[in-house]
>>> print(open('protein.cif').read())   # mmCIF, C-alpha atoms
data_final
loop_
_atom_site.label_atom_id
_atom_site.label_comp_id
_atom_site.auth_asym_id
_atom_site.auth_seq_id
_atom_site.Cartn_x
_atom_site.Cartn_y
_atom_site.Cartn_z
CA MET X 1 129.84 119.98 -32.07
CA ASP X 2 133.25 119.60 -30.46
CA SER X 3 135.30 117.21 -32.63
CA GLY X 4 136.96 115.82 -29.50
CA LEU X 5 133.57 114.92 -28.07
CA ILE X 6 132.60 113.18 -31.31
CA LEU X 7 135.79 111.10 -31.18
CA LEU X 8 135.10 110.26 -27.54
CA ALA X 9 131.58 109.11 -28.43
CA ILE X 10 132.96 106.89 -31.21
CA VAL X 11 135.52 105.39 -28.82
CA VAL X 12 132.85 104.65 -26.20
CA ILE X 13 130.64 102.99 -28.83
CA LEU X 14 133.56 100.87 -30.03
CA ALA X 15 134.46 99.96 -26.44
CA VAL X 16 130.91 98.89 -25.59
CA SER X 17 130.80 96.90 -28.84
CA PHE X 18 134.05 95.17 -27.84
CA ASP X 19 132.57 94.39 -24.42
CA PHE X 20 129.45 92.88 -26.02
CA ILE X 21 131.56 90.82 -28.44
CA ASN X 22 133.78 89.77 -25.54
CA GLY X 23 130.63 88.52 -23.82
CA PHE X 24 129.43 86.23 -26.60
CA HIS X 25 132.99 85.31 -27.63
CA ASP X 26 133.82 84.18 -24.10
CA THR X 27 130.44 82.73 -23.13
CA ALA X 28 132.05 79.33 -23.54
CA ASN X 29 134.42 80.11 -20.68
CA ALA X 30 131.55 80.05 -18.21
CA ILE X 31 129.11 77.52 -19.61
CA ALA X 32 130.73 75.10 -22.08
CA THR X 33 131.30 72.48 -19.38
CA VAL X 34 127.84 72.73 -17.85
CA ILE X 35 126.27 72.33 -21.30
CA ALA X 36 128.62 69.48 -22.28
CA THR X 37 127.72 67.55 -19.13
CA ARG X 38 123.98 68.29 -19.74
CA VAL X 39 123.50 69.63 -16.25
CA LEU X 40 121.75 72.66 -17.77
CA LYS X 41 120.04 73.22 -21.08
CA PRO X 42 121.88 75.69 -23.30
CA TRP X 43 119.35 78.51 -22.87
CA GLN X 44 119.36 78.06 -19.10
CA ALA X 45 123.16 78.17 -18.96
CA ILE X 46 123.38 81.26 -21.16
CA LEU X 47 120.81 83.21 -19.12
CA MET X 48 122.55 82.26 -15.89
CA ALA X 49 125.95 83.25 -17.26
CA GLY X 50 124.63 86.54 -18.58
CA GLY X 51 123.19 87.53 -15.22
CA LEU X 52 126.25 86.52 -13.22
CA ASN X 53 128.65 88.15 -15.68
CA PHE X 54 126.73 91.37 -15.01
CA VAL X 55 126.99 90.92 -11.23
CA GLY X 56 130.68 90.03 -11.39
CA ALA X 57 131.42 93.13 -13.47
CA LEU X 58 130.21 95.33 -10.60
CA THR X 59 132.65 93.96 -8.03
CA GLY X 60 135.83 95.99 -8.53
CA THR X 61 138.09 98.11 -10.73
CA ALA X 62 141.62 96.84 -10.01
CA VAL X 63 141.89 95.19 -13.42
CA ALA X 64 140.49 98.32 -15.09
CA ALA X 65 143.29 100.38 -13.53
CA THR X 66 145.93 97.98 -14.85
CA VAL X 67 144.56 98.11 -18.39
CA GLY X 68 144.01 101.86 -18.30
CA LYS X 69 147.37 102.82 -16.77
CA GLY X 70 149.66 99.83 -17.21
CA ILE X 71 149.82 99.35 -20.99
CA LEU X 72 150.29 102.93 -22.21
CA ASP X 73 150.99 106.18 -20.37
CA PRO X 74 147.56 107.87 -19.99
CA THR X 75 149.18 111.28 -20.43
CA GLU X 76 150.36 110.31 -23.93
CA VAL X 77 147.20 108.56 -25.15
CA THR X 78 144.88 110.18 -27.69
CA GLN X 79 141.39 109.18 -28.83
CA PRO X 80 142.65 107.79 -32.18
CA ILE X 81 145.09 105.53 -30.31
CA VAL X 82 142.26 104.05 -28.25
CA MET X 83 140.07 103.83 -31.34
CA ALA X 84 142.71 101.92 -33.32
CA ALA X 85 143.37 99.59 -30.35
CA LEU X 86 139.69 98.67 -30.15
CA VAL X 87 139.46 98.09 -33.91
CA GLY X 88 142.38 95.67 -33.68
CA ALA X 89 140.83 93.77 -30.76
CA ILE X 90 137.35 93.64 -32.29
CA CYS X 91 138.59 92.40 -35.68
CA TRP X 92 140.59 89.57 -34.09
CA ASN X 93 137.72 88.57 -31.80
CA LEU X 94 135.26 88.37 -34.69
CA LEU X 95 137.68 86.36 -36.83
CA THR X 96 138.39 83.78 -34.12
CA TRP X 97 134.70 83.59 -33.18
CA TYR X 98 133.76 82.88 -36.81
CA TYR X 99 136.15 79.93 -36.93
CA GLY X 100 135.21 78.73 -33.45
CA ILE X 101 138.68 79.33 -32.00
CA PRO X 102 138.60 80.16 -28.26
CA SER X 103 141.26 82.86 -28.33
CA SER X 104 141.72 85.50 -25.66
CA SER X 105 139.84 88.81 -25.75
CA SER X 106 142.28 90.05 -23.11
CA HIS X 107 145.27 89.30 -25.33
CA ALA X 108 143.51 90.98 -28.25
CA LEU X 109 142.92 94.16 -26.25
CA VAL X 110 146.47 94.30 -24.92
CA GLY X 111 147.80 93.67 -28.41
CA GLY X 112 145.59 96.41 -29.80
CA LEU X 113 146.82 98.96 -27.26
CA VAL X 114 150.46 98.01 -27.84
CA GLY X 115 150.12 98.16 -31.63
CA ALA X 116 148.32 101.49 -31.64
CA GLY X 117 150.79 102.97 -29.16
CA ILE X 118 153.77 101.92 -31.27
CA ALA X 119 152.14 103.31 -34.43
CA ALA X 120 151.67 106.66 -32.71
CA ASP X 121 154.84 107.10 -30.64
CA GLY X 122 157.28 104.34 -31.52
CA LEU X 123 158.58 101.30 -29.66
CA GLY X 124 159.07 103.32 -26.48
CA ALA X 125 155.35 104.02 -26.09
CA PRO X 126 154.24 100.78 -24.38
CA LEU X 127 155.13 100.47 -20.69
CA TRP X 128 157.07 97.26 -21.24
CA GLY X 129 157.98 96.72 -17.59
CA THR X 130 154.39 96.89 -16.35
CA ILE X 131 153.15 94.91 -19.34
CA GLY X 132 155.58 92.12 -18.54
CA GLN X 133 154.79 92.04 -14.83
CA LYS X 134 151.05 92.64 -14.83
CA THR X 135 149.92 91.11 -18.14
CA VAL X 136 152.40 88.86 -19.94
CA LEU X 137 153.56 86.98 -16.83
CA PRO X 138 149.98 86.22 -15.64
CA PHE X 139 149.04 85.24 -19.22
CA VAL X 140 151.85 82.67 -19.27
CA VAL X 141 151.65 81.41 -15.69
CA SER X 142 147.86 81.17 -15.23
CA PRO X 143 147.28 78.29 -17.71
CA LEU X 144 150.08 76.29 -16.10
CA ILE X 145 148.59 76.88 -12.66
CA GLY X 146 145.12 76.06 -14.00
CA PHE X 147 146.26 72.75 -15.46
CA ALA X 148 148.09 71.76 -12.27
CA VAL X 149 145.29 72.77 -9.88
CA ALA X 150 142.64 70.98 -11.94
CA PHE X 151 144.77 67.85 -12.37
CA VAL X 152 145.52 67.57 -8.63
CA GLY X 153 141.99 68.56 -7.67
CA MET X 154 140.52 65.89 -9.92
CA ILE X 155 142.72 63.19 -8.38
CA VAL X 156 141.74 64.31 -4.86
CA VAL X 157 138.02 64.27 -5.68
CA LEU X 158 138.20 60.86 -7.35
CA ASN X 159 140.00 59.42 -4.32
CA MET X 160 137.44 60.93 -1.95
CA PHE X 161 134.56 59.39 -3.90
CA GLN X 162 136.22 56.18 -5.08
CA ARG X 163 133.47 54.02 -3.54
CA ALA X 164 130.60 56.05 -4.96
CA SER X 165 128.63 54.65 -7.87
CA ARG X 166 128.53 56.38 -11.25
CA PHE X 167 124.88 57.27 -10.62
CA SER X 168 125.67 58.84 -7.24
CA MET X 169 128.60 60.79 -8.72
CA GLY X 170 126.37 62.14 -11.45
CA ALA X 171 123.69 63.19 -9.00
CA ILE X 172 126.08 64.82 -6.51
CA PHE X 173 128.22 66.69 -8.98
CA GLY X 174 125.35 67.53 -11.28
CA ARG X 175 123.99 69.71 -8.48
CA ALA X 176 127.46 70.90 -7.48
CA GLN X 177 128.17 71.98 -11.04
CA LEU X 178 125.33 74.46 -10.86
CA LEU X 179 127.35 76.30 -8.22
CA SER X 180 130.71 75.93 -9.96
CA SER X 181 129.41 77.20 -13.32
CA ALA X 182 127.75 80.14 -11.55
CA PHE X 183 131.05 80.91 -9.80
CA MET X 184 132.91 80.72 -13.12
CA ALA X 185 130.46 83.13 -14.78
CA TYR X 186 130.71 85.55 -11.85
CA SER X 187 134.52 85.53 -11.86
CA HIS X 188 134.60 85.94 -15.65
CA GLY X 189 132.50 89.09 -15.43
CA GLY X 190 134.70 90.42 -12.65
CA ASN X 191 137.84 90.17 -14.78
CA ASP X 192 136.83 90.66 -18.40
CA ALA X 193 134.36 93.54 -18.13
CA GLN X 194 136.90 95.57 -16.18
CA LYS X 195 139.22 95.63 -19.19
CA THR X 196 136.69 97.62 -21.17
CA MET X 197 136.12 99.87 -18.17
CA GLY X 198 139.83 100.64 -18.22
CA VAL X 199 139.79 101.51 -21.92
CA ILE X 200 136.78 103.83 -21.64
CA THR X 201 138.32 105.54 -18.62
CA LEU X 202 141.55 105.94 -20.57
CA ALA X 203 139.58 107.69 -23.32
CA LEU X 204 137.89 109.95 -20.76
CA VAL X 205 141.28 110.89 -19.31
CA SER X 206 142.54 111.68 -22.81
CA TYR X 207 139.52 113.90 -23.43
CA GLY X 208 140.03 115.69 -20.12
CA ALA X 209 136.79 114.56 -18.48
CA ILE X 210 138.73 112.81 -15.69
CA PRO X 211 141.89 114.12 -13.98
CA ARG X 212 144.96 112.20 -15.12
CA GLU X 213 146.18 111.91 -11.52
CA THR X 214 143.15 110.06 -10.16
CA PHE X 215 142.14 107.64 -12.96
CA GLN X 216 138.85 106.93 -11.22
CA VAL X 217 136.41 104.69 -13.13
CA PRO X 218 133.02 106.49 -13.23
CA THR X 219 129.92 104.65 -12.03
CA TRP X 220 128.21 104.99 -15.42
CA VAL X 221 131.18 103.27 -17.07
CA ILE X 222 130.99 100.36 -14.61
CA LEU X 223 127.25 99.93 -15.20
CA THR X 224 127.52 100.28 -18.99
CA CYS X 225 130.27 97.68 -19.24
CA ALA X 226 128.43 95.32 -16.89
CA VAL X 227 125.26 95.52 -19.01
CA ALA X 228 127.16 95.09 -22.30
CA MET X 229 129.06 92.07 -20.97
CA GLY X 230 125.86 90.50 -19.62
CA LEU X 231 123.94 91.04 -22.88
CA GLY X 232 126.83 89.73 -24.95
CA THR X 233 127.04 86.61 -22.81
CA ALA X 234 123.28 86.11 -23.14
CA ALA X 235 123.65 86.28 -26.93
CA GLY X 236 125.76 83.11 -26.80
CA GLY X 237 128.84 82.01 -28.71
CA TRP X 238 127.87 78.59 -29.98
CA ARG X 239 130.89 77.94 -32.19
CA ILE X 240 133.33 78.33 -29.30
CA ILE X 241 131.02 76.53 -26.84
CA ARG X 242 131.27 73.43 -29.05
CA THR X 243 135.07 73.63 -29.15
CA MET X 244 135.53 74.09 -25.41
CA GLY X 245 132.77 71.74 -24.29
CA THR X 246 133.17 68.76 -26.60
CA LYS X 247 136.36 68.85 -28.64
CA LEU X 248 139.08 69.03 -25.96
CA THR X 249 138.08 66.03 -23.85
CA ARG X 250 135.03 64.10 -22.70
CA LEU X 251 133.41 65.76 -19.71
CA GLU X 252 131.00 64.51 -17.06
CA PRO X 253 129.64 66.51 -14.08
CA VAL X 254 132.50 65.73 -11.70
CA ARG X 255 135.13 66.87 -14.19
CA GLY X 256 133.08 69.90 -15.16
CA PHE X 257 132.77 70.82 -11.48
CA VAL X 258 136.51 70.57 -10.82
CA ALA X 259 137.47 72.46 -14.01
CA GLU X 260 135.06 75.34 -13.30
CA THR X 261 135.93 75.57 -9.61
CA ALA X 262 139.66 75.65 -10.28
CA ALA X 263 139.28 78.25 -13.03
CA GLY X 264 136.93 80.43 -11.00
CA MET X 265 139.30 80.49 -8.02
CA ILE X 266 142.31 81.46 -10.13
CA ILE X 267 140.42 84.21 -11.98
CA GLU X 268 138.90 85.62 -8.80
CA ILE X 269 142.26 85.84 -7.03
CA ALA X 270 143.82 87.51 -10.07
CA SER X 271 141.00 90.05 -10.31
CA ARG X 272 141.54 91.20 -6.73
CA GLN X 273 145.26 91.68 -7.48
CA GLY X 274 144.56 93.67 -10.65
CA PHE X 275 145.86 91.02 -13.07
CA PRO X 276 143.94 90.98 -16.40
CA LEU X 277 143.98 87.24 -17.04
CA SER X 278 142.84 85.44 -20.13
CA THR X 279 139.78 83.64 -18.81
CA THR X 280 139.82 81.56 -22.00
CA HIS X 281 143.32 80.32 -21.19
CA VAL X 282 142.42 79.48 -17.62
CA ILE X 283 139.26 77.44 -18.26
CA GLY X 284 140.86 75.77 -21.28
CA SER X 285 143.81 74.67 -19.18
CA THR X 286 141.61 73.37 -16.35
CA ILE X 287 139.55 71.34 -18.85
CA LEU X 288 142.80 69.84 -20.15
CA GLY X 289 143.89 69.20 -16.55
CA VAL X 290 140.81 67.19 -15.58
CA GLY X 291 140.91 65.33 -18.90
CA ALA X 292 144.56 64.38 -18.47
CA THR X 293 143.78 62.42 -15.29
CA ARG X 294 142.35 59.72 -17.58
CA GLY X 295 145.63 59.53 -19.44
CA ALA X 296 147.22 61.43 -22.32
CA SER X 297 145.00 59.75 -24.91
CA ALA X 298 141.87 61.19 -23.27
CA VAL X 299 142.78 64.70 -24.44
CA ARG X 300 142.60 65.76 -28.09
CA TRP X 301 146.01 67.36 -28.16
CA ASN X 302 145.69 68.41 -31.80
CA VAL X 303 142.71 70.61 -30.91
CA ALA X 304 144.58 71.92 -27.87
CA GLY X 305 147.56 72.67 -30.11
CA ASN X 306 145.40 74.73 -32.48
CA ILE X 307 144.08 76.72 -29.51
CA VAL X 308 147.59 77.33 -28.17
CA THR X 309 148.68 78.52 -31.61
CA ALA X 310 145.83 81.04 -31.62
CA TRP X 311 146.86 82.17 -28.13
CA ILE X 312 150.44 82.80 -29.30
CA ILE X 313 149.52 84.85 -32.36
CA THR X 314 146.65 86.84 -30.81
CA ILE X 315 148.73 89.71 -29.40
CA PRO X 316 150.86 90.28 -32.53
CA ALA X 317 147.84 89.85 -34.82
CA ALA X 318 145.68 92.36 -32.93
CA ALA X 319 148.68 94.69 -32.62
CA THR X 320 149.21 94.59 -36.38
CA VAL X 321 145.59 95.45 -37.14
CA ALA X 322 145.68 98.27 -34.57
CA PHE X 323 148.97 99.58 -36.00
CA VAL X 324 147.53 99.73 -39.51
CA SER X 325 144.26 101.22 -38.24
CA TYR X 326 146.09 104.05 -36.49
CA ARG X 327 148.17 104.82 -39.56
CA ILE X 328 144.98 105.01 -41.65
CA LEU X 329 143.42 107.39 -39.12
CA ALA X 330 146.61 109.47 -39.19
CA LEU X 331 146.23 109.88 -42.96
CA PHE X 332 142.98 111.72 -42.22
CA GLY X 333 144.67 113.97 -39.70
CA LEU X 334 143.56 112.01 -36.60
CA ARG X 335 146.51 111.53 -34.26
#
>>> encode(input="protein.cif", output="structure tokens")
Amino acid sequence: MDSGLILLAIVVILAVSFDFINGFHDTANAIATVIATRVLKPWQAILMAGGLNFVGALTGTAVAATVGKGILDPTEVTQPIVMAALVGAICWNLLTWYYGIPSSSSHALVGGLVGAGIAADGLGAPLWGTIGQKTVLPFVVSPLIGFAVAFVGMIVVLNMFQRASRFSMGAIFGRAQLLSSAFMAYSHGGNDAQKTMGVITLALVSYGAIPRETFQVPTWVILTCAVAMGLGTAAGGWRIIRTMGTKLTRLEPVRGFVAETAAGMIIEIASRQGFPLSTTHVIGSTILGVGATRGASAVRWNVAGNIVTAWIITIPAAATVAFVSYRILALFGLR
């Protein structure tokens, strides 16, 4: 059998595995708030999120193009580079999942590609200009926007319903949160699954199955990534769900509704513009935003600080693992 085809098959398997892990690692993004507020039972929330992650993953490929063409030059990428990048991202995702740290799968994947590219072709391999504009800038700005939108939105909602009783608020926003959590799950699928689509397409371009000039994501890649993301989400990520839903701040339906709605809007807009956001960053920041309207003491800033620390080290950590992985593959003649 063609050795190139074998490498391509291994890369596709690794990519689908990453997509599945991304699903259960980031399940908390879509459903932690709706579980914390007890609007849905955990199994109901997970099934809903799994289905809507699948649907969202079918809605576009702009983010896939950014990941596939905007991190490394597709004409210079080889199968071992993609393989090492995925190993770096998968290892970091599994480590942070084990310890219940809601880090970013997007950061891990970008870090993996950067690290593998540098290991193969030096510091000039990554497309630093595009990375800064299309990935790093949105990574930095989106949590700040998320916090601000959720904070202001929460104040507006509380003022609109200031005469409503606690019982009425619970009833109104308990039903509304069904829609907001569904929207969050849909937008999550639309952004995160596309990253894996971009990686698989990059591998297909490297193999020669797709013309380098077109970089068109095949239908089977879209469907495969959508299914993997949906199944991974349905598998659940309980450790991270507990961190996001209960350890950052106390949530009730109205705050869960505002946090999810704000996060879903930001992610959906970014997806249409081709920005691969960290959905973990966005929903985490909106949860902090709605919690902060009660005052600084209402937010567990030490937990938030641990999460931010993980966010900062994710890209270099995944890049390091990918760098080492590529060098190991190179020892066996795979370059």
>>> closest_atom_pairs(input="protein.cif", of="region 151-265 of chain X", to="region 72-76 of chain X", cutoff="12 Å", atoms="all atoms listed in the file", output="CSV")
residue,atom,partner,partner_atom,distance
X:Gly198,CA,X:Pro74,CA,10.7
X:Val199,CA,X:Pro74,CA,10.2
X:Ile200,CA,X:Pro74,CA,11.6
X:Thr201,CA,X:Pro74,CA,9.6
X:Leu202,CA,X:Pro74,CA,6.3
X:Ala203,CA,X:Pro74,CA,8.6
X:Leu204,CA,X:Pro74,CA,9.9
X:Val205,CA,X:Pro74,CA,7.0
X:Ser206,CA,X:Pro74,CA,6.9
X:Tyr207,CA,X:Thr75,CA,10.4
X:Gly208,CA,X:Thr75,CA,10.2
X:Ile210,CA,X:Pro74,CA,11.0
X:Pro211,CA,X:Thr75,CA,10.1
X:Arg212,CA,X:Thr75,CA,6.8
X:Glu213,CA,X:Thr75,CA,9.4
X:Thr214,CA,X:Pro74,CA,11.0
X:Phe215,CA,X:Pro74,CA,8.9
>>> closest_residue(input="protein.cif", among="X:Ala234, X:Trp97, X:Ala89, X:Val157", to="Gly115 (chain X)", atoms="all atoms listed in the file")
X:Ala89
>>> atom_distance(input="protein.cif", atom1="CA of Thr224 (chain X)", atom2="CA of Ser106 (chain X)")
18.4 Å
>>> closest_residue(input="protein.cif", among="X:Ala116, X:Ala235, X:Leu52, X:Leu7", to="Phe323 (chain X)", atoms="all atoms listed in the file")
X:Ala116
>>> residues_near_point(input="protein.cif", point="(149.0, 78.4, -19.8)", cutoff="9 Å", atoms="all atoms listed in the file", output="list in words")
Pro138, Phe139, Val140, Val141, Ser142, Pro143, Leu144, Ile145, Gly146, Phe147, His281, Val282, Gly284, Ser285 and Val308 of chain X
>>> atom_distance(input="protein.cif", atom1="CA of Pro316 (chain X)", atom2="CA of Ser103 (chain X)")
12.8 Å
>>> closest_residue(input="protein.cif", among="X:Ala85, X:Ile71, X:Ala148, X:Gln79", to="Leu127 (chain X)", atoms="all atoms listed in the file")
X:Ile71
>>> resolve_selection(input="protein.cif", expression="the PyMOL selection byres ((chain X and resi 135) around 9)", output="list in words")
Thr66, Val67, Gly70, Ile71, His107, Val110, Thr130, Ile131, Gly132, Gln133, Lys134, Val136, Leu137, Pro138, Phe139, Val140, Phe275, Pro276 and Leu277 of chain X
>>> residues_near_point(input="protein.cif", point="(128.8, 89.3, -11.2)", cutoff="12 Å", atoms="all atoms listed in the file", output="JSON, numbers by chain")
{"X": [30, 48, 49, 50, 51, 52, 53, 54, 55, 56, 57, 58, 59, 60, 182, 183, 184, 185, 186, 187, 188, 189, 190, 191, 192, 193, 194, 222, 223, 225, 226, 227, 229, 230, 268]}
>>> write_last_selection(input="protein.cif", atoms="C-alpha atoms", output="CSV table (one decimal), keeping the file's coordinate frame")
chain,number,residue,atom,x,y,z
X,30,ALA,CA,131.6,80.0,-18.2
X,48,MET,CA,122.6,82.3,-15.9
X,49,ALA,CA,126.0,83.2,-17.3
X,50,GLY,CA,124.6,86.5,-18.6
X,51,GLY,CA,123.2,87.5,-15.2
X,52,LEU,CA,126.2,86.5,-13.2
X,53,ASN,CA,128.6,88.2,-15.7
X,54,PHE,CA,126.7,91.4,-15.0
X,55,VAL,CA,127.0,90.9,-11.2
X,56,GLY,CA,130.7,90.0,-11.4
X,57,ALA,CA,131.4,93.1,-13.5
X,58,LEU,CA,130.2,95.3,-10.6
X,59,THR,CA,132.6,94.0,-8.0
X,60,GLY,CA,135.8,96.0,-8.5
X,182,ALA,CA,127.8,80.1,-11.6
X,183,PHE,CA,131.0,80.9,-9.8
X,184,MET,CA,132.9,80.7,-13.1
X,185,ALA,CA,130.5,83.1,-14.8
X,186,TYR,CA,130.7,85.6,-11.8
X,187,SER,CA,134.5,85.5,-11.9
X,188,HIS,CA,134.6,85.9,-15.6
X,189,GLY,CA,132.5,89.1,-15.4
X,190,GLY,CA,134.7,90.4,-12.6
X,191,ASN,CA,137.8,90.2,-14.8
X,192,ASP,CA,136.8,90.7,-18.4
X,193,ALA,CA,134.4,93.5,-18.1
X,194,GLN,CA,136.9,95.6,-16.2
X,222,ILE,CA,131.0,100.4,-14.6
X,223,LEU,CA,127.2,99.9,-15.2
X,225,CYS,CA,130.3,97.7,-19.2
X,226,ALA,CA,128.4,95.3,-16.9
X,227,VAL,CA,125.3,95.5,-19.0
X,229,MET,CA,129.1,92.1,-21.0
X,230,GLY,CA,125.9,90.5,-19.6
X,268,GLU,CA,138.9,85.6,-8.8
>>> closest_residue(input="protein.cif", among="X:Ile46, X:Val16, X:Met83, X:Val217", to="Lys69 (chain X)", atoms="all atoms listed in the file")
X:Val217
>>> resolve_selection(input="protein.cif", expression="the PyMOL selection byres ((chain X and resi 260) around 12)", output="VMD selection string")
chain X and resid 28 to 34 146 to 147 149 to 150 153 to 154 173 176 to 188 245 251 253 to 259 261 to 268 279 to 280 282 to 290
>>> closest_residue(input="protein.cif", among="X:Val114, X:Cys91, X:Thr309, X:Arg272", to="Pro126 (chain X)", atoms="all atoms listed in the file")
X:Val114
>>> resolve_selection(input="protein.cif", expression="the PyMOL selection byres ((chain X and resi 87) around 9)", output="list in words")
Leu14, Phe18, Val82, Met83, Ala84, Ala85, Leu86, Gly88, Ala89, Ile90, Cys91, Trp92, Gly112, Ala318, Val321, Ala322 and Ser325 of chain X
>>> atom_distance(input="protein.cif", atom1="CA of Gly291 (chain X)", atom2="CA of Glu252 (chain X)")
10.1 Å
>>> closest_residue(input="protein.cif", among="X:Asp19, X:Ser278, X:Leu8, X:Thr293", to="Val156 (chain X)", atoms="only C-alpha atoms")
X:Thr293
>>> decode(input="protein.cif", residues="region 90-103 of chain X", atoms="N, CA and C atoms", output="PDB file, in the first residue's frame")
ATOM      1  N   ILE X  90      -4.000  16.938  21.105  1.00  0.00           N
ATOM      2  CA  ILE X  90      -4.708  15.871  21.813  1.00  0.00           C
ATOM      3  C   ILE X  90      -4.135  15.673  23.223  1.00  0.00           C
ATOM      4  N   CYS X  91      -2.803  15.642  23.331  1.00  0.00           N
ATOM      5  CA  CYS X  91      -2.178  15.435  24.642  1.00  0.00           C
ATOM      6  C   CYS X  91      -2.566  16.533  25.627  1.00  0.00           C
ATOM      7  N   TRP X  92      -2.561  17.789  25.159  1.00  0.00           N
ATOM      8  CA  TRP X  92      -2.908  18.899  26.052  1.00  0.00           C
ATOM      9  C   TRP X  92      -4.392  18.847  26.424  1.00  0.00           C
ATOM     10  N   ASN X  93      -5.248  18.520  25.480  1.00  0.00           N
ATOM     11  CA  ASN X  93      -6.673  18.421  25.779  1.00  0.00           C
ATOM     12  C   ASN X  93      -6.955  17.355  26.833  1.00  0.00           C
ATOM     13  N   LEU X  94      -6.333  16.202  26.685  1.00  0.00           N
ATOM     14  CA  LEU X  94      -6.563  15.107  27.643  1.00  0.00           C
ATOM     15  C   LEU X  94      -6.031  15.469  29.027  1.00  0.00           C
ATOM     16  N   LEU X  95      -4.882  16.133  29.078  1.00  0.00           N
ATOM     17  CA  LEU X  95      -4.320  16.532  30.370  1.00  0.00           C
ATOM     18  C   LEU X  95      -5.235  17.517  31.086  1.00  0.00           C
ATOM     19  N   THR X  96      -5.693  18.546  30.380  1.00  0.00           N
ATOM     20  CA  THR X  96      -6.548  19.549  31.023  1.00  0.00           C
ATOM     21  C   THR X  96      -7.926  18.984  31.352  1.00  0.00           C
ATOM     22  N   TRP X  97      -8.421  18.070  30.520  1.00  0.00           N
ATOM     23  CA  TRP X  97      -9.700  17.416  30.847  1.00  0.00           C
ATOM     24  C   TRP X  97      -9.572  16.614  32.129  1.00  0.00           C
ATOM     25  N   TYR X  98      -8.474  15.876  32.286  1.00  0.00           N
ATOM     26  CA  TYR X  98      -8.277  15.022  33.467  1.00  0.00           C
ATOM     27  C   TYR X  98      -8.318  15.847  34.749  1.00  0.00           C
ATOM     28  N   TYR X  99      -7.730  17.041  34.691  1.00  0.00           N
ATOM     29  CA  TYR X  99      -7.698  17.892  35.882  1.00  0.00           C
ATOM     30  C   TYR X  99      -8.870  18.869  35.942  1.00  0.00           C
ATOM     31  N   GLY X 100      -9.809  18.732  35.010  1.00  0.00           N
ATOM     32  CA  GLY X 100     -11.010  19.567  35.046  1.00  0.00           C
ATOM     33  C   GLY X 100     -10.764  21.020  34.735  1.00  0.00           C
ATOM     34  N   ILE X 101      -9.722  21.304  33.924  1.00  0.00           N
ATOM     35  CA  ILE X 101      -9.380  22.689  33.584  1.00  0.00           C
ATOM     36  C   ILE X 101      -9.991  23.025  32.223  1.00  0.00           C
ATOM     37  N   PRO X 102     -10.883  23.994  32.137  1.00  0.00           N
ATOM     38  CA  PRO X 102     -11.509  24.337  30.852  1.00  0.00           C
ATOM     39  C   PRO X 102     -10.588  25.162  29.967  1.00  0.00           C
ATOM     40  N   SER X 103      -9.569  24.510  29.421  1.00  0.00           N
ATOM     41  CA  SER X 103      -8.658  25.192  28.499  1.00  0.00           C
ATOM     42  C   SER X 103      -9.253  25.179  27.098  1.00  0.00           C
TER      43      SER X 103
END
